[in-house]
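Q: Let me begin by handing over the structure; questions about it come next.
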Amino acid sequence: MTPGSNIPLSAARVTVDVAAPVRLDVSGLLLTADGKVRSDDDFIFYNQPSGQGVTYRSGGGTAPDAIVVDTAAVPPGIEKIVVTASPDAAGQTFQGIEPTATIRNADDNSVLATFTPPQLGTETALVIVEVYLRNGAWKARAVGQGYANGLAGIATDFGVSVEEPAAPAQPVAPPQPQAATPPPPPAAAPTMPAAPPAAPAAPPAPAPGAGKINLDKGRVSLQKNQTVSLVKGGRPVLSQVKMGLGWEPAYRGKDIDLDASVIAYGPQRNHIDSCYFGKLQIVNGAIKHSGDNLTGEGGGDDEVITVDLGRLPQEVSGLVFTVNSFSGQKFTEVAKAYCRLIDAASGEELVRFDLTSAEPQTGVMMAKLIRQYSGEWEMTAMGEFVKSRTVRGMVKPAAKAL
């Protein structure tokens, strides 16, 4: 497709995914005839993934994020759904980046059309495609309108309230400019981050799982469900890491035998292999296990798993680190369980997650490493308990948690 061109939609349910050499944040807005959202509920993005007939789908770092439109479920009064994209990195422009939107039949994944906006430069956000209703039929149009003030500028232009005052929208060479003044924010409406979603302003005391950070400020201590990108200054900082896992008996004098493992998955959450005390190397030695610790006594890491990220085959896109109690002791009998990510070359601790709660279960998923679509890795603290005494019983729950 070329800018301004359109196609009739041959499917009632369509997916619009947007791919680029870097990771993008993709969102969708449901618009009325006046080109505005009805409320902030009509802004669909990673933090508000479901709306009326429109949903956000994460690619999990191994595929592009997407907006799915079910035209049969779009409510009356909504005449257009615009799909937007912005670089994940704060302040990054589309200079040198060629994003491609692919419109697919959501039921069989067949390609209906593709569109790559030409001649991008200082834009930090794009309205890339719109799905619209015309004379009772749904169509898709290639747009490619750029904004110099990011996703917040687009949101403001279409009437979404933001947490911080945003500058008026600044369209860059718009084929179909939208001129509008945003209404006052509703009293109880959900708000959208003013910065690109990947770098939200952190509150003074972040709630568990709030926000995603990188290593620019040094060692990171994660809370449950928080994610850290293993980059510093915009670049990956290491290729070989060690995941150290440690614990102590909750009751003095009572040994506890736990087993640390890592499960490797492919892009479709398919199980590739598991590394544990009974299989100390997998994927041609790119992942190695230090061996079994039978007691948990003593300071320091009880078991260590070394991962050579640079040697991992492309088929490995996700790693889940688990701990199990083969002897049947519950995690309520364990104290000070933690995992920490270490730079294998320097020995520097980069990321730490301390398990602050326990459940009477025999397995726990501690953390996951996910290869992003742009190539870098992200670590997320999990702390999710499972009824399983062996790594074999963790394969399916861990796949679901990716």
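Following the order of the structure tokens, first chain is A, next is B, and so on, with residues numbered from 1 inside each chain and ligands from 1 in the order they appear.
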So that I can check the surroundings of segment 137-145 of chain A, please list as JSON, numbers by chain every protein, DNA and RNA residue that reaches within 6 Å of it, counting only C-alpha atoms and ignoring chain neighbours fewer than 3 positions away.
A: {"A": [3, 4, 5, 6, 7, 8, 9, 117, 126, 127, 128, 129, 130, 131, 132, 133, 134, 174]}
Q: For Thr124 of chain A, find every residue with an atom within 10 Å (counting only C-alpha atoms), except residues of its own chain fewer than 5 positions away, and show them as a list in words.
A: Ala85, Ser86, Pro87, Asp88, Ala89, Ala90, Gly91, Gln92, Thr93, Phe94, Gln95, Gly146, Tyr147, Ala148, Asn149, Gly150, Leu151, Gly153, Val172 and Pro196 of chain A
Q: Export, as an mmCIF file, in the first residue's frame, the selected residues with C-alpha atoms.
A:
```cif
data_model
loop_
_atom_site.group_PDB
_atom_site.id
_atom_site.type_symbol
_atom_site.label_atom_id
_atom_site.label_comp_id
_atom_site.auth_asym_id
_atom_site.auth_seq_id
_atom_site.Cartn_x
_atom_site.Cartn_y
_atom_site.Cartn_z
ATOM 1 C CA ALA A 85 3.296 3.080 16.792
ATOM 2 C CA SER A 86 6.202 4.691 18.631
ATOM 3 C CA PRO A 87 9.745 3.504 19.417
ATOM 4 C CA ASP A 88 10.050 1.784 22.788
ATOM 5 C CA ALA A 89 13.166 3.789 23.740
ATOM 6 C CA ALA A 90 12.356 7.216 25.179
ATOM 7 C CA GLY A 91 13.085 10.039 22.737
ATOM 8 C CA GLN A 92 14.024 7.776 19.828
ATOM 9 C CA THR A 93 12.838 8.934 16.409
ATOM 10 C CA PHE A 94 11.963 6.970 13.287
ATOM 11 C CA GLN A 95 15.099 8.248 11.572
ATOM 12 C CA GLY A 146 4.061 11.340 11.911
ATOM 13 C CA TYR A 147 4.118 13.285 15.181
ATOM 14 C CA ALA A 148 7.184 15.013 16.614
ATOM 15 C CA ASN A 149 5.968 14.930 20.224
ATOM 16 C CA GLY A 150 5.453 11.230 20.689
ATOM 17 C CA LEU A 151 2.539 9.064 21.641
ATOM 18 C CA GLY A 153 0.867 14.091 21.147
ATOM 19 C CA VAL A 172 4.809 16.079 10.576
ATOM 20 C CA PRO A 196 6.228 6.315 25.702
#
```
Q: Which residues in segment 198-369 of chain A does DSSP call strand (DSSP E or B)? List them as a VMD selection string.
A: chain A and resid 212 to 213 220 to 222 227 to 229 231 to 232 235 to 236 240 to 249 259 to 265 271 to 276 279 281 to 282 287 to 289 303 to 308 318 to 324 334 to 343 349 to 354 363 to 369
Q: Just the residues within 10 Å of Glu98 of chain A, please, counting only C-alpha atoms, with nothing from its chain fewer than 4 positions along; format it as a VMD selection string.
A: chain A and resid 19 to 22 94 116 to 120
Q: Could you check the closest approach to Gln223 of chain A for each of A:Ile67, A:Met366, A:Ile305, A:Leu24 and tell me which residue wins, using only C-alpha atoms?
A: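 Nearest to Gln223 of chain A: A:Met366.
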Q: From a backbone DSSP assignment, name each residue in segment 26-175 of chain A labelled alpha helix (DSSP H), as a list in words.
A: Gly150, Leu151, Ala152, Gly153, Ile154, Ala155, Thr156 and Asp157 of chain A
Q: Go ahead and dump the residues you just picked, all heavy atoms, as a short mmCIF file (atom, residue, chain, number, x, y, z; two decimals), in the first residue's frame.
A:
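The result, written out as again-v7.cif:
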```cif
data_model
loop_
_atom_site.label_atom_id
_atom_site.label_comp_id
_atom_site.auth_asym_id
_atom_site.auth_seq_id
_atom_site.Cartn_x
_atom_site.Cartn_y
_atom_site.Cartn_z
N GLY A 150 5.67 12.54 20.11
CA GLY A 150 5.45 11.23 20.69
C GLY A 150 4.01 10.80 20.80
O GLY A 150 3.07 11.44 20.31
N LEU A 151 3.85 9.67 21.48
CA LEU A 151 2.54 9.06 21.64
C LEU A 151 1.59 9.98 22.41
O LEU A 151 0.39 10.00 22.16
CB LEU A 151 2.68 7.72 22.36
CG LEU A 151 1.47 6.80 22.38
CD1 LEU A 151 0.99 6.51 20.97
CD2 LEU A 151 1.79 5.52 23.12
N ALA A 152 2.14 10.77 23.34
CA ALA A 152 1.29 11.70 24.08
C ALA A 152 0.67 12.74 23.15
O ALA A 152 -0.46 13.17 23.35
CB ALA A 152 2.11 12.39 25.16
N GLY A 153 1.42 13.14 22.11
CA GLY A 153 0.87 14.09 21.15
C GLY A 153 -0.30 13.51 20.37
O GLY A 153 -1.31 14.18 20.15
N ILE A 154 -0.15 12.25 19.96
CA ILE A 154 -1.25 11.58 19.27
C ILE A 154 -2.46 11.46 20.19
O ILE A 154 -3.59 11.77 19.80
CB ILE A 154 -0.81 10.18 18.78
CG1 ILE A 154 0.21 10.30 17.65
CG2 ILE A 154 -2.02 9.38 18.30
CD1 ILE A 154 0.70 8.97 17.12
N ALA A 155 -2.21 11.02 21.40
CA ALA A 155 -3.31 10.82 22.34
C ALA A 155 -4.05 12.13 22.59
O ALA A 155 -5.29 12.18 22.59
CB ALA A 155 -2.77 10.25 23.65
N THR A 156 -3.31 13.21 22.80
CA THR A 156 -3.93 14.50 23.03
C THR A 156 -4.74 14.94 21.83
O THR A 156 -5.85 15.47 21.95
CB THR A 156 -2.85 15.55 23.35
OG1 THR A 156 -2.10 15.13 24.50
CG2 THR A 156 -3.46 16.91 23.63
N ASP A 157 -4.21 14.70 20.65
CA ASP A 157 -4.89 15.09 19.41
C ASP A 157 -6.25 14.42 19.28
O ASP A 157 -7.20 15.01 18.76
CB ASP A 157 -4.01 14.73 18.22
CG ASP A 157 -4.32 15.56 16.98
OD1 ASP A 157 -4.99 16.60 17.12
OD2 ASP A 157 -3.90 15.17 15.89
#
```
Q: Please provide the set of residues having any atom within 8 Å of Gly51 of chain A, restricted to only C-alpha atoms, with same-chain residues fewer than 4 positions apart removed, written as a PyMOL selection string.
A: chain A and resi 41-44+55
Q: I need the residue nearest Val391 of chain A from this list: A:Val334, A:Ala286, A:Ala367, A:Ile263. Use only C-alpha atoms for the distance.
A: A:Ile263
Q: Residues within 9 Å of Gly234 of chain A, please, as a short mmCIF file (atom, residue, chain, number, x, y, z; two decimals) with N, CA, C and O atoms, in the first residue's frame. Count only C-alpha atoms; anything in the same chain fewer than 2 positions from it doesn't count.
A:
```
data_model
loop_
_atom_site.label_atom_id
_atom_site.label_comp_id
_atom_site.auth_asym_id
_atom_site.auth_seq_id
_atom_site.Cartn_x
_atom_site.Cartn_y
_atom_site.Cartn_z
N ALA A 89 12.17 2.99 23.03
CA ALA A 89 13.17 3.79 23.74
C ALA A 89 12.72 5.24 23.80
O ALA A 89 12.33 5.82 22.78
N ASN A 214 16.07 -0.04 33.01
CA ASN A 214 17.27 -0.63 32.43
C ASN A 214 18.41 -0.50 33.42
O ASN A 214 18.19 -0.18 34.60
N ASP A 216 20.97 1.61 33.36
CA ASP A 216 21.70 2.87 33.27
C ASP A 216 22.17 3.37 34.63
O ASP A 216 23.21 4.02 34.74
N VAL A 231 20.09 -3.59 29.09
CA VAL A 231 20.83 -2.66 28.25
C VAL A 231 21.29 -1.49 29.10
O VAL A 231 20.70 -1.18 30.15
N LYS A 232 22.33 -0.83 28.67
CA LYS A 232 22.86 0.35 29.34
C LYS A 232 23.29 1.33 28.26
O LYS A 232 24.03 0.98 27.36
N PRO A 236 23.06 -3.47 24.62
CA PRO A 236 23.22 -4.62 25.52
C PRO A 236 24.56 -4.56 26.23
O PRO A 236 25.58 -4.23 25.63
#
```
Q: If we count only C-alpha atoms and set the cut-off at 12 Å, which residues sit around segment 315-318 of chain A, ignoring sequence neighbours fewer than 5 positions away in its own chain? Please answer as an mmCIF file with N, CA and C atoms, in the first residue's frame.
A:
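Output file out-v9.cif is given in full below:
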```cif
data_model
loop_
_atom_site.group_PDB
_atom_site.id
_atom_site.type_symbol
_atom_site.label_atom_id
_atom_site.label_comp_id
_atom_site.auth_asym_id
_atom_site.auth_seq_id
_atom_site.Cartn_x
_atom_site.Cartn_y
_atom_site.Cartn_z
ATOM 1 N N GLY A 59 3.587 -9.010 21.467
ATOM 2 C CA GLY A 59 4.379 -10.015 20.761
ATOM 3 C C GLY A 59 5.354 -10.724 21.675
ATOM 4 N N GLY A 60 5.421 -10.303 22.954
ATOM 5 C CA GLY A 60 6.299 -10.953 23.923
ATOM 6 C C GLY A 60 7.774 -10.784 23.616
ATOM 7 N N GLY A 61 8.104 -9.808 22.774
ATOM 8 C CA GLY A 61 9.509 -9.586 22.457
ATOM 9 C C GLY A 61 10.021 -10.414 21.295
ATOM 10 N N THR A 62 9.283 -11.444 20.905
ATOM 11 C CA THR A 62 9.731 -12.301 19.799
ATOM 12 C C THR A 62 8.929 -12.072 18.526
ATOM 13 N N ALA A 63 7.907 -11.238 18.599
ATOM 14 C CA ALA A 63 7.078 -10.909 17.443
ATOM 15 C C ALA A 63 6.575 -9.487 17.638
ATOM 16 N N VAL A 262 16.589 -24.323 34.792
ATOM 17 C CA VAL A 262 16.155 -23.342 33.802
ATOM 18 C C VAL A 262 15.524 -24.101 32.640
ATOM 19 N N ILE A 263 14.407 -23.574 32.156
ATOM 20 C CA ILE A 263 13.676 -24.199 31.055
ATOM 21 C C ILE A 263 13.762 -23.278 29.848
ATOM 22 N N ALA A 264 14.179 -23.828 28.700
ATOM 23 C CA ALA A 264 14.336 -23.054 27.479
ATOM 24 C C ALA A 264 13.129 -23.262 26.569
ATOM 25 N N TYR A 265 12.636 -22.149 25.995
ATOM 26 C CA TYR A 265 11.458 -22.186 25.138
ATOM 27 C C TYR A 265 11.737 -21.503 23.805
ATOM 28 N N GLY A 266 10.928 -21.876 22.798
ATOM 29 C CA GLY A 266 10.978 -21.238 21.494
ATOM 30 C C GLY A 266 9.921 -20.160 21.381
ATOM 31 N N PRO A 267 9.830 -19.510 20.197
ATOM 32 C CA PRO A 267 8.914 -18.379 20.006
ATOM 33 C C PRO A 267 7.444 -18.712 20.218
ATOM 34 N N GLN A 268 7.066 -19.959 20.022
ATOM 35 C CA GLN A 268 5.670 -20.360 20.211
ATOM 36 C C GLN A 268 5.445 -21.000 21.579
ATOM 37 N N ARG A 269 6.324 -20.649 22.523
ATOM 38 C CA ARG A 269 6.274 -21.215 23.886
ATOM 39 C C ARG A 269 6.505 -22.721 23.871
ATOM 40 N N ASN A 270 7.134 -23.206 22.816
ATOM 41 C CA ASN A 270 7.420 -24.631 22.728
ATOM 42 C C ASN A 270 8.646 -24.976 23.573
ATOM 43 N N HIS A 271 8.553 -26.067 24.312
ATOM 44 C CA HIS A 271 9.640 -26.500 25.195
ATOM 45 C C HIS A 271 10.798 -27.042 24.366
ATOM 46 N N ILE A 272 11.979 -26.461 24.553
ATOM 47 C CA ILE A 272 13.167 -26.912 23.827
ATOM 48 C C ILE A 272 13.976 -27.873 24.680
ATOM 49 N N ASP A 273 14.294 -27.492 25.930
ATOM 50 C CA ASP A 273 15.056 -28.373 26.817
ATOM 51 C C ASP A 273 15.059 -27.774 28.218
ATOM 52 N N SER A 274 15.461 -28.585 29.189
ATOM 53 C CA SER A 274 15.577 -28.140 30.578
ATOM 54 C C SER A 274 16.955 -28.485 31.113
ATOM 55 N N ILE A 282 22.822 -27.865 28.309
ATOM 56 C CA ILE A 282 21.863 -27.987 27.215
ATOM 57 C C ILE A 282 22.239 -26.987 26.112
ATOM 58 N N VAL A 283 21.552 -27.072 24.989
ATOM 59 C CA VAL A 283 21.760 -26.256 23.786
ATOM 60 C C VAL A 283 23.245 -26.064 23.488
ATOM 61 N N ALA A 286 25.580 -23.869 25.735
ATOM 62 C CA ALA A 286 25.319 -22.448 25.958
ATOM 63 C C ALA A 286 24.687 -22.196 27.317
ATOM 64 N N ILE A 287 24.084 -23.234 27.905
ATOM 65 C CA ILE A 287 23.516 -23.147 29.251
ATOM 66 C C ILE A 287 24.120 -24.263 30.092
ATOM 67 N N VAL A 307 24.523 -18.767 31.520
ATOM 68 C CA VAL A 307 23.886 -18.672 30.202
ATOM 69 C C VAL A 307 24.746 -17.786 29.303
ATOM 70 N N ASP A 308 25.206 -18.347 28.204
ATOM 71 C CA ASP A 308 25.945 -17.579 27.203
ATOM 72 C C ASP A 308 24.925 -17.069 26.179
ATOM 73 N N LEU A 309 24.420 -15.858 26.422
ATOM 74 C CA LEU A 309 23.366 -15.316 25.567
ATOM 75 C C LEU A 309 23.821 -15.211 24.112
ATOM 76 N N GLY A 310 25.099 -14.917 23.915
ATOM 77 C CA GLY A 310 25.616 -14.772 22.570
ATOM 78 C C GLY A 310 25.653 -16.066 21.787
ATOM 79 N N ALA A 367 12.186 -16.294 37.961
ATOM 80 C CA ALA A 367 12.414 -15.208 37.012
ATOM 81 C C ALA A 367 12.395 -15.752 35.592
ATOM 82 N N LYS A 368 12.241 -14.845 34.638
ATOM 83 C CA LYS A 368 12.313 -15.241 33.236
ATOM 84 C C LYS A 368 13.158 -14.227 32.465
ATOM 85 N N LEU A 369 13.878 -14.743 31.474
ATOM 86 C CA LEU A 369 14.625 -13.917 30.534
ATOM 87 C C LEU A 369 13.968 -14.077 29.164
ATOM 88 N N ILE A 370 13.608 -12.959 28.539
ATOM 89 C CA ILE A 370 12.908 -12.994 27.256
ATOM 90 C C ILE A 370 13.717 -12.211 26.222
ATOM 91 N N ARG A 371 13.973 -12.865 25.084
ATOM 92 C CA ARG A 371 14.638 -12.168 23.980
ATOM 93 C C ARG A 371 13.612 -11.281 23.275
ATOM 94 N N GLN A 372 13.923 -9.985 23.172
ATOM 95 C CA GLN A 372 13.000 -9.054 22.560
ATOM 96 C C GLN A 372 13.083 -9.117 21.035
ATOM 97 N N TYR A 373 12.052 -8.563 20.398
ATOM 98 C CA TYR A 373 12.001 -8.578 18.939
ATOM 99 C C TYR A 373 13.209 -7.859 18.342
ATOM 100 N N SER A 374 13.719 -6.839 19.060
ATOM 101 C CA SER A 374 14.868 -6.076 18.570
ATOM 102 C C SER A 374 16.201 -6.724 18.941
ATOM 103 N N GLY A 375 16.183 -7.824 19.693
ATOM 104 C CA GLY A 375 17.410 -8.569 19.956
ATOM 105 C C GLY A 375 17.899 -8.536 21.379
ATOM 106 N N GLU A 376 17.576 -7.474 22.147
ATOM 107 C CA GLU A 376 18.063 -7.435 23.525
ATOM 108 C C GLU A 376 17.229 -8.357 24.417
ATOM 109 N N TRP A 377 17.727 -8.577 25.632
ATOM 110 C CA TRP A 377 17.044 -9.452 26.582
ATOM 111 C C TRP A 377 16.460 -8.637 27.722
ATOM 112 N N GLU A 378 15.351 -9.132 28.266
ATOM 113 C CA GLU A 378 14.732 -8.520 29.442
ATOM 114 C C GLU A 378 14.536 -9.585 30.510
ATOM 115 N N MET A 379 14.720 -9.170 31.764
ATOM 116 C CA MET A 379 14.505 -10.069 32.908
ATOM 117 C C MET A 379 13.301 -9.582 33.693
ATOM 118 N N THR A 380 12.400 -10.501 34.020
ATOM 119 C CA THR A 380 11.214 -10.186 34.811
ATOM 120 C C THR A 380 11.188 -11.056 36.059
ATOM 121 N N ALA A 398 5.294 -22.824 33.323
ATOM 122 C CA ALA A 398 6.250 -21.797 32.901
ATOM 123 C C ALA A 398 5.945 -21.310 31.497
ATOM 124 N N ALA A 399 5.530 -22.217 30.615
ATOM 125 C CA ALA A 399 5.177 -21.808 29.257
ATOM 126 C C ALA A 399 4.021 -20.826 29.270
ATOM 127 N N LYS A 400 3.041 -21.085 30.105
ATOM 128 C CA LYS A 400 1.892 -20.175 30.206
ATOM 129 C C LYS A 400 2.289 -18.823 30.754
ATOM 130 N N ALA A 401 3.351 -18.790 31.574
ATOM 131 C CA ALA A 401 3.769 -17.543 32.225
ATOM 132 C C ALA A 401 4.666 -16.680 31.330
ATOM 133 N N LEU A 402 5.084 -17.209 30.184
ATOM 134 C CA LEU A 402 5.956 -16.424 29.299
ATOM 135 C C LEU A 402 5.198 -15.244 28.701
#
```
Q: Enter the distance from atom CA of Glu79 of chain A to atom CA of Thr32 of chain A, in Å, rounded to one decimal.
A: 5.4 Å
Q: Record the distance separating atom CA of Thr114 of chain A and atom CA of Arg23 of chain A, expressed in Å with one decimal.
A: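 Pair atom CA of Thr114 of chain A / atom CA of Arg23 of chain A returns 18.3 Å.
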Q: I'd like the interatomic distance between atom CA of Val386 of chain A and atom CA of Leu341 of chain A, to a tenth of an Å.
A: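 Straight-line distance from atom CA of Val386 of chain A to atom CA of Leu341 of chain A works out to 22.3 Å.
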Q: Measuring between only C-alpha atoms, which one of A:Leu245, A:Val82, A:Ala345, A:Cys275 shows the shortest distance to Val323 of chain A?
A: A:Leu245
Q: Leaving out Ser261 of chain A and any residue of its chain fewer than 3 positions from it, which residues lie within 6 Å of it when counting only C-alpha atoms, given as a list of chain:residue names?
A: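 Returned residues: A:Cys275, A:Tyr276, A:Phe321, A:Thr322.
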Q: So that I have them on file, write out the residues from the current selection with N, CA, C and O atoms, as a PDB file, in the first residue's frame.
A:
```pdb
ATOM      1  N   CYS A 275      17.548 -27.550  31.840  1.00  0.00           N
ATOM      2  CA  CYS A 275      18.865 -27.736  32.453  1.00  0.00           C
ATOM      3  C   CYS A 275      18.686 -27.806  33.963  1.00  0.00           C
ATOM      4  O   CYS A 275      18.130 -26.883  34.574  1.00  0.00           O
ATOM      5  N   TYR A 276      19.142 -28.907  34.587  1.00  0.00           N
ATOM      6  CA  TYR A 276      18.974 -29.098  36.026  1.00  0.00           C
ATOM      7  C   TYR A 276      20.081 -30.027  36.516  1.00  0.00           C
ATOM      8  O   TYR A 276      21.012 -30.353  35.758  1.00  0.00           O
ATOM      9  N   PHE A 321      13.556 -19.548  35.019  1.00  0.00           N
ATOM     10  CA  PHE A 321      14.365 -20.108  36.100  1.00  0.00           C
ATOM     11  C   PHE A 321      13.448 -20.537  37.239  1.00  0.00           C
ATOM     12  O   PHE A 321      12.627 -19.748  37.719  1.00  0.00           O
ATOM     13  N   THR A 322      13.586 -21.798  37.643  1.00  0.00           N
ATOM     14  CA  THR A 322      12.681 -22.368  38.637  1.00  0.00           C
ATOM     15  C   THR A 322      13.463 -22.982  39.791  1.00  0.00           C
ATOM     16  O   THR A 322      14.651 -23.287  39.673  1.00  0.00           O
TER      17      THR A 322
END
```
Q: Can you work out which one of A:Gly300, A:Gly328, A:Lys242, A:Thr390 has the shortest atom-to-atom distance to Gly347 of chain A, counting only C-alpha atoms?
A: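 Of A:Gly300, A:Gly328, A:Lys242, A:Thr390, the one nearest Gly347 of chain A, counting only C-alpha atoms, is A:Lys242.
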